file query.tsv (TSV, C-alpha atoms)
chain	number	residue	atom	x	y	z
L	1	MET	CA	-7.08	6.21	-33.79
L	2	ASN	CA	-4.48	8.25	-31.88
L	3	ASP	CA	-7.37	9.61	-29.82
L	4	VAL	CA	-8.48	6.14	-28.66
L	5	TRP	CA	-7.51	5.05	-25.18
L	6	ASP	CA	-6.63	1.42	-24.65
L	7	LEU	CA	-8.32	1.58	-21.25
L	8	VAL	CA	-10.33	4.19	-19.42
L	9	VAL	CA	-10.82	3.55	-15.70
L	10	VAL	CA	-13.62	5.39	-13.92
L	11	GLY	CA	-12.89	5.79	-10.21
L	12	GLY	CA	-9.55	6.24	-8.48
L	13	GLY	CA	-10.08	4.10	-5.38
L	14	PRO	CA	-8.27	0.79	-4.82
L	15	ALA	CA	-10.19	-1.07	-7.56
L	16	GLY	CA	-9.68	1.62	-10.19
L	17	ALA	CA	-6.08	2.29	-9.31
L	18	ALA	CA	-5.34	-1.46	-9.35
L	19	ALA	CA	-6.88	-1.77	-12.83
L	20	ALA	CA	-4.78	1.10	-14.15
L	21	LEU	CA	-1.63	-0.12	-12.45
L	22	ARG	CA	-1.99	-3.66	-13.76
L	23	ALA	CA	-2.73	-2.56	-17.30
L	24	ALA	CA	0.31	-0.28	-17.29
L	25	GLN	CA	2.41	-3.01	-15.71
L	26	LEU	CA	1.54	-5.46	-18.49
L	27	ARG	CA	1.59	-2.91	-21.30
L	28	PRO	CA	3.93	-0.02	-20.48
L	29	ASP	CA	3.31	1.60	-23.88
L	30	GLY	CA	-0.48	1.47	-23.50
L	31	ARG	CA	-2.68	4.57	-23.37
L	32	ILE	CA	-4.45	4.37	-20.02
L	33	LEU	CA	-6.65	7.08	-18.53
L	34	LEU	CA	-7.85	7.20	-14.92
L	35	LEU	CA	-10.83	9.43	-14.16
L	36	ASP	CA	-12.20	10.47	-10.79
L	37	LYS	CA	-14.72	13.11	-9.79
L	38	ALA	CA	-12.42	14.32	-6.97
L	39	ASP	CA	-8.84	15.45	-6.63
L	40	PHE	CA	-6.48	13.37	-4.49
L	41	PRO	CA	-5.89	13.15	-1.62
L	42	ARG	CA	-9.51	12.84	-0.59
L	43	ASP	CA	-11.25	11.10	2.31
L	44	LYS	CA	-13.36	7.98	1.89
L	45	ALA	CA	-15.58	6.50	4.59
L	46	CYS	CA	-14.13	3.05	5.28
L	47	GLY	CA	-12.71	0.90	8.05
L	48	ASP	CA	-9.19	1.53	6.66
L	49	GLY	CA	-8.15	-2.06	7.34
L	50	ILE	CA	-5.78	-3.67	4.85
L	51	ALA	CA	-5.28	-7.36	5.50
L	52	ALA	CA	-2.30	-9.43	4.45
L	53	HIS	CA	-4.35	-10.60	1.47
L	54	GLY	CA	-4.51	-7.01	0.26
L	55	ARG	CA	-0.75	-6.65	0.65
L	56	ASP	CA	-0.35	-9.74	-1.55
L	57	GLU	CA	-2.26	-7.87	-4.24
L	58	LEU	CA	-0.06	-4.81	-3.81
L	59	ALA	CA	2.99	-7.01	-4.33
L	60	LEU	CA	1.51	-8.41	-7.54
L	61	LEU	CA	1.01	-4.82	-8.70
L	62	GLY	CA	4.69	-4.12	-8.08
L	63	LEU	CA	4.12	-2.12	-4.87
L	64	PRO	CA	5.30	-4.43	-2.07
L	65	GLY	CA	6.56	-1.58	0.12
L	66	LEU	CA	3.63	0.80	-0.19
L	67	LEU	CA	2.64	0.41	3.48
L	68	ASP	CA	6.06	-0.06	5.05
L	69	ASP	CA	5.85	3.16	7.07
L	70	TYR	CA	2.66	1.99	8.83
L	71	ARG	CA	2.79	-0.32	11.83
L	72	PRO	CA	1.73	-3.93	11.22
L	73	THR	CA	-0.93	-5.22	13.61
L	74	SER	CA	-1.23	-8.92	14.40
L	75	ARG	CA	-3.49	-8.96	17.46
L	76	LEU	CA	-7.25	-9.25	17.01
L	77	THR	CA	-10.07	-9.48	19.55
L	78	VAL	CA	-13.58	-10.56	18.52
L	79	VAL	CA	-16.61	-10.38	20.80
L	80	ALA	CA	-19.49	-12.62	19.70
L	81	PRO	CA	-23.16	-11.54	19.86
L	82	GLY	CA	-23.60	-13.71	22.96
L	83	GLY	CA	-20.58	-12.17	24.68
L	84	THR	CA	-17.88	-14.79	24.03
L	85	ARG	CA	-14.54	-13.02	23.60
L	86	VAL	CA	-11.67	-14.44	21.57
L	87	SER	CA	-8.24	-12.82	21.39
L	88	ALA	CA	-5.59	-14.24	19.12
L	89	THR	CA	-2.64	-13.39	16.96
L	90	ALA	CA	-3.29	-13.50	13.23
L	91	ALA	CA	-1.03	-15.71	11.18
L	92	ARG	CA	-0.08	-12.66	9.12
L	93	PRO	CA	-0.34	-9.03	10.28
L	94	ASN	CA	-2.82	-6.46	9.03
L	95	HIS	CA	-2.36	-2.73	8.49
L	96	VAL	CA	-4.65	0.22	9.12
L	97	VAL	CA	-4.04	3.06	6.66
L	98	PRO	CA	-6.48	5.98	6.22
L	99	ARG	CA	-8.01	6.02	2.77
L	100	MET	CA	-6.93	9.65	2.47
L	101	VAL	CA	-3.38	8.27	2.35
L	102	PHE	CA	-3.82	4.85	0.78
L	103	ASP	CA	-5.85	5.91	-2.25
L	104	ALA	CA	-3.60	8.88	-2.99
L	105	ARG	CA	-0.53	6.65	-2.92
L	106	LEU	CA	-2.11	4.22	-5.37
L	107	VAL	CA	-3.08	7.02	-7.76
L	108	GLU	CA	0.41	8.52	-7.61
L	109	ALA	CA	1.90	5.09	-8.28
L	110	ALA	CA	-0.33	4.80	-11.35
L	111	ARG	CA	0.70	8.26	-12.50
L	112	ALA	CA	4.37	7.35	-12.06
L	113	ARG	CA	3.77	4.30	-14.26
L	114	GLY	CA	2.53	6.48	-17.12
L	115	VAL	CA	-1.20	6.48	-16.45
L	116	GLU	CA	-2.87	9.81	-17.19
L	117	VAL	CA	-5.03	10.99	-14.29
L	118	ARG	CA	-7.82	13.52	-14.78
L	119	ARG	CA	-10.58	14.97	-12.65
L	120	HIS	CA	-13.77	14.18	-14.52
L	121	ARG	CA	-17.35	13.18	-13.64
L	122	VAL	CA	-18.82	10.66	-16.09
L	123	ARG	CA	-22.35	11.50	-17.23
L	124	ALA	CA	-22.88	9.59	-20.48
L	125	LEU	CA	-21.62	6.38	-22.02
L	126	ALA	CA	-22.36	4.72	-25.37
L	127	GLU	CA	-21.13	1.71	-27.35
L	128	SER	CA	-19.71	2.59	-30.77
L	129	GLY	CA	-18.57	-0.54	-32.61
L	130	PRO	CA	-15.43	-1.85	-30.93
L	131	HIS	CA	-15.22	1.22	-28.68
L	132	VAL	CA	-16.96	2.90	-25.78
L	133	VAL	CA	-17.55	6.65	-25.95
L	134	ILE	CA	-17.65	8.54	-22.67
L	135	ASP	CA	-19.38	11.91	-22.50
L	136	GLY	CA	-19.03	12.27	-26.25
L	137	CYS	CA	-15.35	13.15	-25.97
L	138	LEU	CA	-13.40	10.13	-24.74
L	139	THR	CA	-13.10	6.91	-26.74
L	140	ALA	CA	-11.86	3.67	-25.20
L	141	ARG	CA	-11.32	0.09	-26.26
L	142	ALA	CA	-12.29	-1.00	-22.75
L	143	VAL	CA	-13.70	0.62	-19.62
L	144	VAL	CA	-13.34	-0.43	-16.01
L	145	ALA	CA	-16.07	0.99	-13.80
L	146	ALA	CA	-14.68	1.30	-10.28
L	147	ASP	CA	-16.77	4.26	-9.20
L	148	GLY	CA	-18.13	2.83	-5.98
L	149	ALA	CA	-21.37	1.66	-4.43
L	150	ASN	CA	-23.40	4.31	-6.26
L	151	SER	CA	-21.66	3.65	-9.57
L	152	ALA	CA	-22.79	6.02	-12.32
L	153	VAL	CA	-21.34	3.74	-14.97
L	154	ARG	CA	-23.30	0.76	-13.67
L	155	ARG	CA	-26.50	2.78	-14.04
L	156	LEU	CA	-25.51	3.94	-17.52
L	157	ILE	CA	-25.10	0.36	-18.76
L	158	GLY	CA	-28.47	-0.61	-17.29
L	159	LEU	CA	-27.42	-2.80	-14.36
L	160	PRO	CA	-29.28	-2.49	-11.04
L	161	ALA	CA	-27.82	-1.52	-7.70
L	162	SER	CA	-27.61	-4.01	-4.86
L	163	PRO	CA	-31.07	-4.48	-3.30
L	164	ASP	CA	-31.63	-3.19	0.22
L	165	ARG	CA	-31.73	-6.70	1.69
L	166	HIS	CA	-28.14	-7.16	0.50
L	167	THR	CA	-26.90	-3.75	1.62
L	168	ALA	CA	-25.35	-2.68	4.90
L	169	ILE	CA	-24.84	0.81	6.25
L	170	ALA	CA	-22.03	1.93	8.51
L	171	VAL	CA	-20.77	5.03	10.20
L	172	ARG	CA	-17.04	5.63	10.50
L	173	GLY	CA	-14.99	8.06	12.53
L	174	TYR	CA	-11.72	8.40	14.41
L	175	SER	CA	-10.91	8.37	18.12
L	176	ASP	CA	-7.86	8.91	20.29
L	177	VAL	CA	-6.13	5.83	21.69
L	178	ALA	CA	-2.77	5.07	23.25
L	179	VAL	CA	0.03	4.96	20.70
L	180	SER	CA	0.87	1.51	22.07
L	181	ASP	CA	-2.63	0.17	21.36
L	182	ASP	CA	-2.20	-2.42	18.63
L	183	VAL	CA	-5.26	-4.64	19.09
L	184	GLN	CA	-7.96	-4.61	16.43
L	185	LEU	CA	-11.37	-5.02	18.06
L	186	ILE	CA	-14.64	-6.24	16.56
L	187	ALA	CA	-17.53	-6.08	19.05
L	188	MET	CA	-20.71	-7.71	17.77
L	189	GLN	CA	-24.17	-6.70	18.96
L	190	LYS	CA	-27.14	-9.07	19.28
L	191	GLU	CA	-29.64	-6.20	19.06
L	192	GLY	CA	-30.51	-5.70	15.39
L	193	TRP	CA	-28.17	-8.52	14.41
L	194	PRO	CA	-26.14	-8.69	12.17
L	195	ALA	CA	-24.42	-5.62	13.65
L	196	TYR	CA	-21.01	-4.80	15.07
L	197	ALA	CA	-18.67	-2.02	16.11
L	198	TRP	CA	-14.97	-1.90	15.43
L	199	SER	CA	-11.82	-0.16	16.60
L	200	PHE	CA	-8.74	-0.41	14.39
L	201	PRO	CA	-5.69	1.43	15.81
L	202	ILE	CA	-3.56	3.10	13.16
L	203	GLY	CA	-0.36	3.35	15.20
L	204	ASP	CA	-0.21	7.12	15.57
L	205	GLY	CA	-2.44	7.56	18.61
L	206	THR	CA	-5.69	7.37	16.66
L	207	ALA	CA	-8.00	4.54	15.72
L	208	ASN	CA	-10.59	4.10	12.99
L	209	VAL	CA	-13.85	3.34	14.80
L	210	GLY	CA	-17.30	2.60	13.46
L	211	PHE	CA	-20.55	0.69	13.63
L	212	GLY	CA	-22.42	-1.12	10.87
L	213	MET	CA	-25.64	-3.06	10.38
L	214	LEU	CA	-27.91	-4.27	7.59
L	215	LEU	CA	-29.99	-1.54	5.98
L	216	PRO	CA	-33.35	-3.34	6.54
L	217	ARG	CA	-32.51	-3.70	10.25
L	218	LEU	CA	-31.87	0.02	10.45
L	219	HIS	CA	-35.18	0.80	8.72
L	220	ALA	CA	-36.98	-1.58	11.09
L	221	THR	CA	-36.01	0.56	14.09
L	222	GLY	CA	-38.18	3.40	12.80
L	223	LEU	CA	-35.60	5.84	14.14
L	224	PRO	CA	-33.35	8.32	12.34
L	225	GLY	CA	-30.26	6.56	11.00
L	226	ARG	CA	-27.92	9.02	12.66
L	227	GLU	CA	-29.49	8.36	16.06
L	228	VAL	CA	-29.19	4.58	15.70
L	229	LEU	CA	-25.70	4.39	14.20
L	230	HIS	CA	-24.06	7.07	16.33
L	231	GLY	CA	-25.85	5.89	19.47
L	232	ARG	CA	-24.89	2.24	19.16
L	233	LEU	CA	-21.30	3.09	18.34
L	234	ALA	CA	-21.11	5.20	21.51
L	235	ARG	CA	-22.61	2.40	23.61
L	236	LEU	CA	-20.34	-0.32	22.25
L	237	LEU	CA	-17.17	1.79	22.48
L	238	PRO	CA	-17.91	4.07	25.45
L	239	ASP	CA	-14.24	4.88	26.09
L	240	GLN	CA	-13.56	5.97	22.50
L	241	PRO	CA	-15.66	9.03	21.60
L	242	ALA	CA	-15.61	9.39	17.83
L	243	ARG	CA	-15.12	12.45	15.65
L	244	ASP	CA	-15.41	13.02	11.90
L	245	LEU	CA	-18.28	10.54	11.63
L	246	ARG	CA	-19.42	9.74	8.10
L	247	ALA	CA	-21.97	7.18	6.93
L	248	HIS	CA	-21.60	4.98	3.88
L	249	HIS	CA	-23.45	2.12	2.20
L	250	LEU	CA	-21.86	-1.28	1.66
L	251	PRO	CA	-23.31	-3.35	-1.22
L	252	LEU	CA	-22.73	-6.94	-0.14
L	253	SER	CA	-21.47	-9.67	-2.45
L	254	SER	CA	-24.54	-11.79	-1.65
L	255	GLY	CA	-26.53	-9.42	-3.91
L	256	ARG	CA	-23.90	-8.77	-6.58
L	257	PRO	CA	-25.08	-7.72	-10.06
L	258	LYS	CA	-23.56	-8.83	-13.35
L	259	ALA	CA	-19.91	-7.86	-13.59
L	260	GLY	CA	-20.30	-5.79	-16.73
L	261	ALA	CA	-21.82	-5.40	-20.17
L	262	GLY	CA	-20.30	-5.01	-23.62
L	263	ARG	CA	-16.79	-3.66	-23.19
L	264	VAL	CA	-17.41	-2.35	-19.67
L	265	MET	CA	-16.19	-4.27	-16.61
L	266	LEU	CA	-17.32	-3.51	-13.06
L	267	ALA	CA	-14.87	-3.84	-10.17
L	268	GLY	CA	-14.87	-3.36	-6.42
L	269	ASP	CA	-17.89	-1.78	-4.76
L	270	ALA	CA	-19.44	-1.10	-8.18
L	271	VAL	CA	-20.02	-4.84	-8.54
L	272	SER	CA	-20.99	-5.26	-4.86
L	273	LEU	CA	-17.77	-6.97	-3.84
L	274	ILE	CA	-18.11	-6.40	-0.11
L	275	ASN	CA	-17.71	-9.40	2.19
L	276	PRO	CA	-21.17	-10.02	3.74
L	277	LEU	CA	-19.64	-11.40	6.94
L	278	THR	CA	-17.19	-8.63	7.75
L	279	GLY	CA	-17.83	-5.67	5.45
L	280	GLU	CA	-14.26	-5.91	4.12
L	281	GLY	CA	-13.85	-4.65	0.57
L	282	ILE	CA	-10.30	-3.45	-0.06
L	283	TYR	CA	-8.93	-6.91	-0.87
L	284	TYR	CA	-11.80	-7.60	-3.26
L	285	ALA	CA	-11.29	-4.17	-4.82
L	286	LEU	CA	-7.58	-4.66	-5.45
L	287	LEU	CA	-8.12	-8.19	-6.77
L	288	SER	CA	-11.05	-7.41	-9.08
L	289	GLY	CA	-9.37	-4.24	-10.34
L	290	ARG	CA	-6.18	-6.12	-11.11
L	291	LEU	CA	-8.11	-8.82	-13.00
L	292	ALA	CA	-10.06	-6.21	-14.98
L	293	GLY	CA	-6.82	-4.46	-15.94
L	294	GLU	CA	-5.36	-7.80	-17.06
L	295	ALA	CA	-8.42	-8.59	-19.19
L	296	ALA	CA	-8.33	-5.17	-20.83
L	297	VAL	CA	-4.76	-5.80	-21.99
L	298	GLN	CA	-4.67	-9.54	-22.56
L	299	ALA	CA	-8.08	-9.86	-24.25
L	300	ALA	CA	-8.43	-6.43	-25.84
L	301	ASP	CA	-10.83	-7.65	-28.56
L	302	ASP	CA	-13.41	-8.89	-26.02
L	303	PRO	CA	-12.31	-8.20	-22.44
L	304	LEU	CA	-15.49	-8.93	-20.47
L	305	PRO	CA	-15.59	-12.74	-20.97
L	306	ALA	CA	-11.94	-12.96	-19.98
L	307	TYR	CA	-12.61	-10.87	-16.89
L	308	LEU	CA	-15.55	-13.07	-15.89
L	309	ARG	CA	-13.40	-16.18	-16.20
L	310	LYS	CA	-10.69	-14.63	-14.07
L	311	LEU	CA	-13.17	-13.55	-11.39
L	312	ARG	CA	-14.74	-17.01	-11.24
L	313	ALA	CA	-11.35	-18.67	-10.93
L	314	ALA	CA	-10.20	-16.30	-8.18
L	315	LEU	CA	-13.39	-15.83	-6.15
L	316	GLY	CA	-16.09	-18.21	-7.37
L	317	ARG	CA	-15.89	-20.87	-4.64
L	318	HIS	CA	-15.15	-18.29	-1.98
L	319	LEU	CA	-18.18	-16.15	-2.87
L	320	ARG	CA	-20.44	-19.21	-2.88
L	321	THR	CA	-19.07	-20.01	0.58
L	322	THR	CA	-19.76	-16.53	1.92
L	323	ASP	CA	-23.25	-16.59	0.36
L	324	VAL	CA	-24.07	-19.69	2.41
L	325	LEU	CA	-22.38	-18.38	5.55
L	326	ALA	CA	-24.21	-15.06	5.29
L	327	ARG	CA	-27.54	-16.90	5.35
L	328	LEU	CA	-26.45	-18.99	8.33
L	329	ALA	CA	-25.10	-15.88	10.06
L	330	GLN	CA	-28.60	-14.42	10.20
L	331	SER	CA	-28.74	-16.48	13.40
L	332	PRO	CA	-26.48	-14.95	16.07
L	333	GLY	CA	-26.21	-18.44	17.53
L	334	PHE	CA	-24.28	-19.58	14.48
L	335	ILE	CA	-21.73	-16.80	14.95
L	336	ASP	CA	-21.54	-17.58	18.68
L	337	ALA	CA	-20.76	-21.19	17.76
L	338	ALA	CA	-18.11	-20.19	15.21
L	339	ILE	CA	-16.35	-17.81	17.59
L	340	GLY	CA	-16.72	-20.23	20.49
L	341	THR	CA	-15.03	-22.89	18.38
L	342	ALA	CA	-12.26	-20.46	17.47
L	343	ALA	CA	-11.64	-19.85	21.18
L	344	HIS	CA	-10.42	-23.44	21.48
L	345	ARG	CA	-9.01	-24.14	18.02
L	346	GLU	CA	-6.33	-21.89	16.55
L	347	GLU	CA	-6.90	-23.22	13.04
L	348	MET	CA	-10.53	-22.11	13.28
L	349	PHE	CA	-9.44	-18.55	14.03
L	350	ASP	CA	-7.18	-18.60	10.98
L	351	VAL	CA	-10.11	-19.85	8.86
L	352	LEU	CA	-12.30	-17.00	10.12
L	353	VAL	CA	-9.63	-14.49	9.12
L	354	ASP	CA	-9.13	-16.01	5.67
L	355	VAL	CA	-12.86	-16.19	4.94
L	356	GLY	CA	-13.60	-12.73	6.35
L	357	LEU	CA	-10.62	-10.82	4.97
L	358	GLY	CA	-9.44	-12.83	1.97
L	359	ALA	CA	-10.67	-15.54	-0.37
L	360	GLY	CA	-10.66	-18.41	2.11
L	361	LEU	CA	-12.85	-21.51	2.23
L	362	VAL	CA	-14.14	-23.53	5.18
L	363	PRO	CA	-12.63	-27.03	5.47
L	364	LEU	CA	-15.19	-29.75	6.18
L	365	PRO	CA	-13.83	-30.68	9.64
L	366	ILE	CA	-14.12	-27.04	10.75
L	367	ALA	CA	-17.66	-26.77	9.34
L	368	LEU	CA	-18.69	-29.93	11.19
L	369	ALA	CA	-17.17	-28.68	14.45
L	370	VAL	CA	-19.09	-25.41	14.24
L	371	GLY	CA	-22.30	-27.22	13.27
L	372	ARG	CA	-22.06	-29.58	16.23
L	373	ARG	CA	-21.48	-26.72	18.64
L	374	TRP	CA	-24.36	-24.71	17.16
L	375	LEU	CA	-26.76	-27.66	17.53
L	376	ARG	CA	-25.55	-28.35	21.07
L	377	ASP	CA	-25.97	-24.74	22.13
L	378	THR	CA	-29.38	-24.50	20.46
L	379	PHE	CA	-30.91	-27.57	22.11
L	380	THR	CA	-29.29	-27.49	25.53
call {"tool": "encode", "arguments": {"input": "query.tsv", "output": "structure tokens"}}
result
Amino acid sequence: MNDVWDLVVVGGGPAGAAAALRAAQLRPDGRILLLDKADFPRDKACGDGIAAHGRDELALLGLPGLLDDYRPTSRLTVVAPGGTRVSATAARPNHVVPRMVFDARLVEAARARGVEVRRHRVRALAESGPHVVIDGCLTARAVVAADGANSAVRRLIGLPASPDRHTAIAVRGYSDVAVSDDVQLIAMQKEGWPAYAWSFPIGDGTANVGFGMLLPRLHATGLPGREVLHGRLARLLPDQPARDLRAHHLPLSSGRPKAGAGRVMLAGDAVSLINPLTGEGIYYALLSGRLAGEAAVQAADDPLPAYLRKLRAALGRHLRTTDVLARLAQSPGFIDAAIGTAAHREEMFDVLVDVGLGAGLVPLPIALAVGRRWLRDTFT
């Protein structure tokens, strides 16, 4: 039994690192192993945005100062599909930290907490009584699969990937901006809607820039993906030529699979926890990873049911809300109405931020205000 790990985490991104960190936080004497197919630091295609909700998770993991050397950004500008522009100050600031830096810091924090980190690509997985055997050589009481949108572990336990209709694709790069630029920009595009470009200044004279759209909309163009994604990014952000462009898929929470099987729990992108309205996933990753790590320690005899209960309590109502909003958002007029309402009501802007970047809900008065505006704009 000395060769049995209390928890094996597959994937060293935010979800996996959070699972390992939480398990070690709750059980300092536990045997926890973190596996990743790459060495750190390594790049990851992403918008790099870390909202205040994500920082709350870092604080719960005992890492409240992890981002202190990066500039907080409070100002946000959103351009609706119809052209309405709203600029406001978020109630709590966001950060933009390249994943090359952020993920490596999380892994090092896990290592400092006693987690063993190894480079390893998982190829086989089997249940063996109260254990899971990985590649015939690693035995675990519980496994957290946090190995991304193309999760190998998810395939090995027989769960399907997110269907194309619930998958987005984005291209991400970096551009030069003024060091003083501290406004996060989201510019939506009516053509091929839902689609938008973004520019998130980091604070060092560069900005993370990108463009994303639903995968079926991309296929419907009949054009090469590179031509569409790179071309629309260039048109929407003509003054910010991008370099280091990389494409990545985003499995949206509206098509999420089961969150695990047996003694295996899926977290982050592996369980399609990407906000269907904004494409944000780091908060979901940190939250779901933390909850999986808790379940592995607190319910070691049968962790998956405990994990499912924790996920439902934390995200259930929010995910049902975003499921409904994602269907409504298929109409650009609905988004125009929401952003138009936010232009005149500060509390609406705060709701948009909480729903799009955290686990927020939509209060009934706000929903009615948006609905009335949508109907008025549609029939006048």
call {"tool": "residues_near_point", "arguments": {"input": "query.tsv", "point": "(-26.6, 12.0, 13.7)", "cutoff": "10 Å", "atoms": "all atoms listed in the file", "output": "MDAnalysis selection string"}}
result
chainID L and resid 171 224:231 245:247
call {"tool": "residues_near_point", "arguments": {"input": "query.tsv", "point": "(-8.2, 7.3, -13.2)", "cutoff": "7 Å", "atoms": "all atoms listed in the file", "output": "NGL selection string"}}
result
:L and (9-12 or 16-17 or 33-36 or 117-118)
call {"tool": "write_last_selection", "arguments": {"input": "query.tsv", "atoms": "C-alpha atoms", "output": "compact mmCIF listing (two decimals), keeping the file's coordinate frame"}}
result
# COMPACT_ATOMS: atom_id res chain seq x y z
CA VAL L 9 -10.82 3.55 -15.70
CA VAL L 10 -13.62 5.39 -13.92
CA GLY L 11 -12.89 5.79 -10.21
CA GLY L 12 -9.55 6.24 -8.48
CA GLY L 16 -9.68 1.62 -10.19
CA ALA L 17 -6.08 2.29 -9.31
CA LEU L 33 -6.65 7.08 -18.53
CA LEU L 34 -7.85 7.20 -14.92
CA LEU L 35 -10.83 9.43 -14.16
CA ASP L 36 -12.20 10.47 -10.79
CA VAL L 117 -5.03 10.99 -14.29
CA ARG L 118 -7.82 13.52 -14.78
call {"tool": "closest_residue", "arguments": {"input": "query.tsv", "among": "L:Arg99, L:Lys190, L:Arg75, L:Arg317", "to": "Met213 (chain L)", "atoms": "only C-alpha atoms"}}
result
L:Lys190
call {"tool": "residues_around", "arguments": {"input": "query.tsv", "residues": "region 136-151 of chain L", "least_positions_apart": "6", "cutoff": "8 Å", "atoms": "only C-alpha atoms", "output": "VMD selection string"}}
result
chain L and resid 3 to 13 15 to 16 19 36 124 to 125 130 161 249 to 251 263 to 272 289 292 to 293 296 300 303
call {"tool": "closest_residue", "arguments": {"input": "query.tsv", "among": "L:Pro160, L:Pro98, L:Gly54, L:Pro72", "to": "Pro41 (chain L)", "atoms": "all atoms listed in the file"}}
result
L:Pro98
call {"tool": "closest_residue", "arguments": {"input": "query.tsv", "among": "L:Ile274, L:Val133, L:Val115, L:Ala20", "to": "Leu357 (chain L)", "atoms": "all atoms listed in the file"}}
result
L:Ile274
call {"tool": "closest_residue", "arguments": {"input": "query.tsv", "among": "L:Ala369, L:Ile282, L:Leu311, L:Pro14", "to": "Glu294 (chain L)", "atoms": "all atoms listed in the file"}}
result
L:Leu311
call {"tool": "atom_distance", "arguments": {"input": "query.tsv", "atom1": "CA of Arg345 (chain L)", "atom2": "CA of Val79 (chain L)"}}
result
16.0 Å
call {"tool": "axis_aligned_box", "arguments": {"input": "query.tsv", "around": "region 163-170 of chain L", "padding_each_side": "6 Å", "output": "JSON"}}
result
{"center_x": -26.9, "center_y": -2.6, "center_z": 2.6, "size_x": 21.7, "size_y": 21.1, "size_z": 23.8}
call {"tool": "residues_around", "arguments": {"input": "query.tsv", "residues": "region 233-244 of chain L", "least_positions_apart": "2", "cutoff": "12 Å", "atoms": "only C-alpha atoms", "output": "PyMOL selection string"}}
result
chain L and resi 43-45+79+81+170-178+185-191+195-201+205-213+226-231+246-247
call {"tool": "residues_around", "arguments": {"input": "query.tsv", "residues": "Thr77 (chain L)", "least_positions_apart": "5", "cutoff": "8 Å", "atoms": "only C-alpha atoms", "output": "NGL selection string"}}
result
:L and (85-88 or 183-186)
